[in-house]
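Trainee: Would you mind keeping the following structure in view while I ask a few things?
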Amino acid sequence: MWWSACETVYCGFWINWEYGSIKGSNLTLPSEWGLVLNAFVTLFVKMGGENLWMIICFIIHQLCASSKKQDDMYHQFQLILRNTESVQVFVKHLLQVCKAHRGARFEAYRRSFLLIIFAVLHATTFYAAALLSSKYVASYKDPHIVRIASDFCGSMVEPALADLRNPETLETIDALMVVLRNGYRRSLGYSKACYAHSGTSSVACDSYVLSALSYNTTRGSPCPFEDKICNGHGITFDTGPLRSDREIGINTRPKDSISARKLLTCAPLAGEKYADTFPLPEGLGPADAIVKGYKFGDIVGNTFLPGYTIAAWNVEDGQKLYDLWIAISMVDHVEDKGNTLLPIPELRSPDSDVNIIGLLNRVNYNKPVKDLWFNAQNCSQGQVINDIPLPPTCPATNVFASWIACKERYQFCTANSAHCSPLTGLHGITPSSFGSTGLNPTQAAVFNMTWIMMRLSSLNFQIGLNGVDGLVANEYLWDGGFGTGMSAGLPDNQWEIEVQNWMNTTLALLQRSPISYARPSEFDVGPGISTRKRIVAPTDPEGKLLCHKIKAKSTAHSSFTVLGLALTLAFGTSLSILNSLLPKLVASVQKRTGKGAHRRVEWIETSAFQLQRMAAEGRGIGPWEGRENSVPRLAEYGHLFNLTGQSLRGRWGRVESYQMVAKGPVDEAEEVEMETLDVDDRPRPREMI
């Protein structure tokens with residue numbers, strides 16, 4: 001049924017506050033009903049054009065009406081103006097008149113030329129308006145912008161990790177991780193389809209208010225840390241201010257919106273400068289094992305090898321071709337916020353969240369890779385097995401891991417940028433960061449929602465949940481299960497491509513998050529265990545209202561501007577009313593002023609019904625009443641007559657009598673014999689008065 005399409009999308013009237021209460025008033029319908037409304041508007045516009053044409057014909061008729069004697073061509077033109085309701089019939093009748101005047105066709109065409117041209121222009125204009133009506137009644141900017149229908153909303157519970165053996169805590173963690181991982185995997189797919197070089201023409205990109213959020217990219221930026229720890233230049237991505245109402249899709253009044261900015265700067269690290277090798281302590285593994293460790297800072301809670309960020313041995317024996325590892329240091333962190341790294345001075349930043357990402361690479365490439373993160377230039381000649389020459393192999397450089405470090409900074413501002421937080425790490429920003437004036441209740445609710453979305457889209461969560469699945473380098477691998485361990489060569493700037501893909505996925509998740517808030521995904525993570533039970537609904541009035549203020553895009557629905565519909569209906573209705581009232585109003589003025597009486601009489605007497613009356617009277621049929629009305633009638637009801645003769649050939653004649661049938665049963669009627677037509681032998685007069 002038609003309302004089944006309205007379970008996830010609100011169908012009805014709503015306001016897109018981005019464009020104000022008037023221009024932003026919308027009507028959303030399922031697409032099939034949108035087609036019906038478009039068809040109605042098209043026909044209504046066409047009807048409006050016909051009414052306007054009849055008004056124009058009335059005006060031309062009145063301007064041309066003359067009390068002087070005129071030729072038959074004049075009267076025929078006036079007859080057409082009086083009795084034509086469509087442009088097509090009007091032009092057809094004009095051409096018929098021109099064709100009929102064989103001896104004066106040039107004069108006929110000369111008189112009708114401007115009328116025909118004007119009629120064609122009018123018809124073309126209104127046919128075009130009717131065909132394009134779906135454009136100017138469609139919702140402003142995009143006809144597929146809709147409001148999400150929400151019957152339940154909120155965010156997932158984040159349990160304390162004090163006791164993972166508690167069944168309730170474990171079920172909550174199950175629900176949280178399944179929902180987060182599902183969201184990241186979907187966002188990863190969306191970013192590849194809609195942010196990457198493949199373009200945004202895919203149908204999959206018609207889900208959010210914008211197909212993709214834009215940002216500025218600066219390549220070759222300076223190292224964001226101390227120069228000695230970097231291995232080359234950096235790359236910076238800056239979203240600029242992303243408005244919550246325009247880009248993110250939270251449909252509040254512009255004055256209640258919030259802008260959020262993310263600045264991501266990354267650079268490869270000279271990891272080998274901070275690496276040590278040493279024998280594995282006795283009792284922890286093979287006696288001859290050599291451990292390699294990297295000193296980028298202490299890991300919180302690490303008592304195994306203090307001072308080492310990561311240390312391992314025999315890493316070449318892993319099953320995965322790529323492995324990723326991440327640690328994070330956040331500004332103003334507290335223990336339960338997931339801070340894992342206490343960085344060395346070279347990596348510390350008082351105003352940024354710092355991420356250290358390690359890549360363990362076990363791939364053999366078929367050509368040298370000069371990229372700073374996937375470096376593989378120690379190539380060997382290909383072997384020959386079973387008389388089949390194999391390609392050269394270029395294994396990753398003989399290091400335990402290669403490293404990238406990234407800074408994440410954020411800034412929130414009110415809509416007019418009058419109050420902004422500092423540009424700093426995410427946990428360094430609170431509602432009090434906006435100054436003494438603070439935020440109004442709606443802005444505070446929008447800020448809280450946006451802050452949570454920014455947190456969940458950070459690199460720490462993304463790499464931790466997507467892992468190696470988020471690497472673009474996977475697309476170059478030869479296989480996923482044959483065990484060749486081979487890959488095609490990689491571009492020299494592959495590390496930049498990977499970081500940009502992380503940025504794209506971050507923004508894709510940011511676009512997805514408001515919809516997930518309004519309509520949380522539901523999964524069963526066990527018998528009778530639904531993720532919906534782990535959703536925390538907002539308790540404040542403003543937070544509850546935000547559940548019903550989320551915008552998205554749906555190709556299964558059509559949104560129409562109420563302003564466009566109202567103007568179209570008002571314009572068409574006004575023309576219809578004016579067409580009905582104008583002749584009466586003009587006639588009333590003519591009667592009151594005594595001016596233009598001949599115009600009023602000619603308008604009445606050139607109507608089809610009055611001409612029929614005159615034709616009947618010309619053949620002796622009458623009397624008639626209602627000579628000044630739209631439709632005259634015989635003075636007595638029930639009279640039968642025939643206006644036509646037996647043949648159209650010969651001269652015109654006059655009916656001397658007609659048959660009258662009295663009211664009542666047929667067998668009681670009085671019959672009067674019809675006399676034959678009395679043919680007048682006199683010549684037809686040349687001038688008709």
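Ordering of the structure tokens sets the chain letters (A, B, ...); residue numbers start at 1 within each chain; ligands are numbered from 1 in the order shown.
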I want to know what sits within 12 Å of Val179 in chain A, based on only C-alpha atoms, with residues of the same chain fewer than 2 positions away left out; could you give that as JSON, numbers by chain?
Mentor: {"A": [155, 156, 157, 158, 172, 173, 174, 175, 176, 177, 181, 182, 183, 184, 185, 186, 456, 465, 513, 516, 517, 520, 521, 522, 523, 524, 525, 530, 531, 532, 534, 535]}
Trainee: Please provide as number ranges by chain all residues within 8 Å of range 558-571 of chain A, with the sequence filter that same-chain residues fewer than 2 positions apart are discarded (counting only C-alpha atoms).
Mentor: A: 22-31, 34, 41, 44-45, 48, 136-140, 143-146, 554-556, 573-575
Trainee: Would you mind telling me which residue in A:Val354, A:Cys379, A:Ala160, A:Leu263 lies nearest to Phe296 in chain A when using only C-alpha atoms?
Mentor: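 Of the candidates, the smallest distance to Phe296 in chain A is held by A:Val354.
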Trainee: Enumerate the residues of range 345-439 of chain A with a DSSP assignment of helix (DSSP H, G or I), computed from the backbone, and present them as a list in words.
Mentor: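 Restricting range 345-439 of chain A to helix (DSSP H, G or I) produces Pro345, Glu346, Leu347, Leu426, His427, Gly428, Pro431, Ser432, Ser433 and Phe434 of chain A.
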Trainee: Residues at most 7 Å from range 224-235 of chain A, counting only C-alpha atoms, excluding those fewer than 3 positions away in the same chain, as a PyMOL selection string?
Mentor: chain A and resi 218-221+265-270+346-347
Trainee: Can you work out which one of A:Thr606, A:Asn504, A:Ser588, A:Gln377 has the shortest atom-to-atom distance to Leu213 in chain A, counting only C-alpha atoms?
Mentor: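 Answer, going by the shortest atom-to-atom distance: A:Asn504.
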Trainee: Quick one: DSSP strand (DSSP E or B) residues in range 220-408 of chain A, as an NGL selection string?
Mentor: :A and (220-221 or 230 or 234-238 or 242-243 or 250 or 258-269 or 275-279 or 290-294 or 297-299 or 310-312 or 322-329 or 341-343 or 353-361 or 364-365 or 369 or 376 or 380 or 384-385 or 388-389 or 393-395 or 402-408)
Trainee: Using only C-alpha atoms, find the one residue out of A:Pro286, A:Pro441, A:Gly271, A:Gly489 that sits nearest to Ser402 in chain A.
Mentor: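 Among the listed residues, the smallest separation from Ser402 in chain A belongs to A:Gly271.
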Trainee: Measuring atom to atom with only C-alpha atoms, identify which of A:Asp238, A:Leu439, A:Val399, A:Val209 is nearest to Ala275 in chain A.
Mentor: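 Smallest separation from Ala275 in chain A among the options: A:Val399.
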Trainee: Measure the distance from CA of Arg362 in chain A to CA of Leu321 in chain A in Å and round it to one decimal.
Mentor: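 Computing it gives 4.8 Å between the two atoms.
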Trainee: Between A:Leu423, A:Val384, A:Val203, A:Ala415, which has the minimum distance to Val331 in chain A (counting only C-alpha atoms)?
Mentor: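 Using only C-alpha atoms, the shortest distance to Val331 in chain A belongs to A:Leu423.
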Trainee: Taking 4 positions as the minimum chain separation for residues in the same chain, which residues sit within 12 Å of Leu305 in chain A when counting only C-alpha atoms? Answer as a list of chain:residue names.
Mentor: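 Residues meeting the cut-off are A:Phe278, A:Leu280, A:Pro281, A:Leu284, A:Val291, A:Lys292, A:Gly293, A:Tyr294, A:Lys295, A:Gly297, A:Asp298, A:Ile299, A:Val300, A:Gly301, A:Thr309, A:Ile310, A:Ala311, A:Ala312.
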Trainee: Write the residues you've just listed into a file as a compact mmCIF listing (two decimals), in the first residue's frame, and include C-alpha atoms for each of them.
Mentor:
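Result went into result.txt, see below:
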# COMPACT_ATOMS: atom_id res chain seq x y z
CA PHE A 278 67.11 -7.24 22.18
CA LEU A 280 63.46 -12.09 24.39
CA PRO A 281 63.42 -12.27 28.20
CA LEU A 284 58.54 -15.67 27.48
CA VAL A 291 62.54 -8.80 19.97
CA LYS A 292 62.16 -5.55 18.08
CA GLY A 293 60.48 -2.64 19.85
CA TYR A 294 59.57 0.97 19.02
CA LYS A 295 59.79 3.77 21.55
CA GLY A 297 55.76 6.43 24.15
CA ASP A 298 54.44 4.32 27.00
CA ILE A 299 51.24 2.34 26.58
CA VAL A 300 48.83 2.93 29.46
CA GLY A 301 48.84 -0.12 31.73
CA THR A 309 55.03 1.39 22.35
CA ILE A 310 55.01 -2.01 20.67
CA ALA A 311 57.44 -4.93 20.65
CA ALA A 312 57.26 -8.36 18.97
Trainee: Tell me which of A:Arg147, A:Arg455, A:Lys584, A:Lys551 sits closest to Trp14 in chain A, counting only C-alpha atoms.
Mentor: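 Smallest distance to Trp14 in chain A is found for A:Arg147.
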Trainee: Just the residues within 7 Å of range 118-128 of chain A, please, counting only C-alpha atoms, with nothing from its chain fewer than 4 positions along; format it as a ChimeraX atom specification.
Mentor: /A:46,49,87,114,132
Trainee: CA of Ala193 in chain A to CA of Asn474 in chain A: how many Å, to one decimal?
Mentor: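 Going from CA of Ala193 in chain A over to CA of Asn474 in chain A, I get 15.8 Å.
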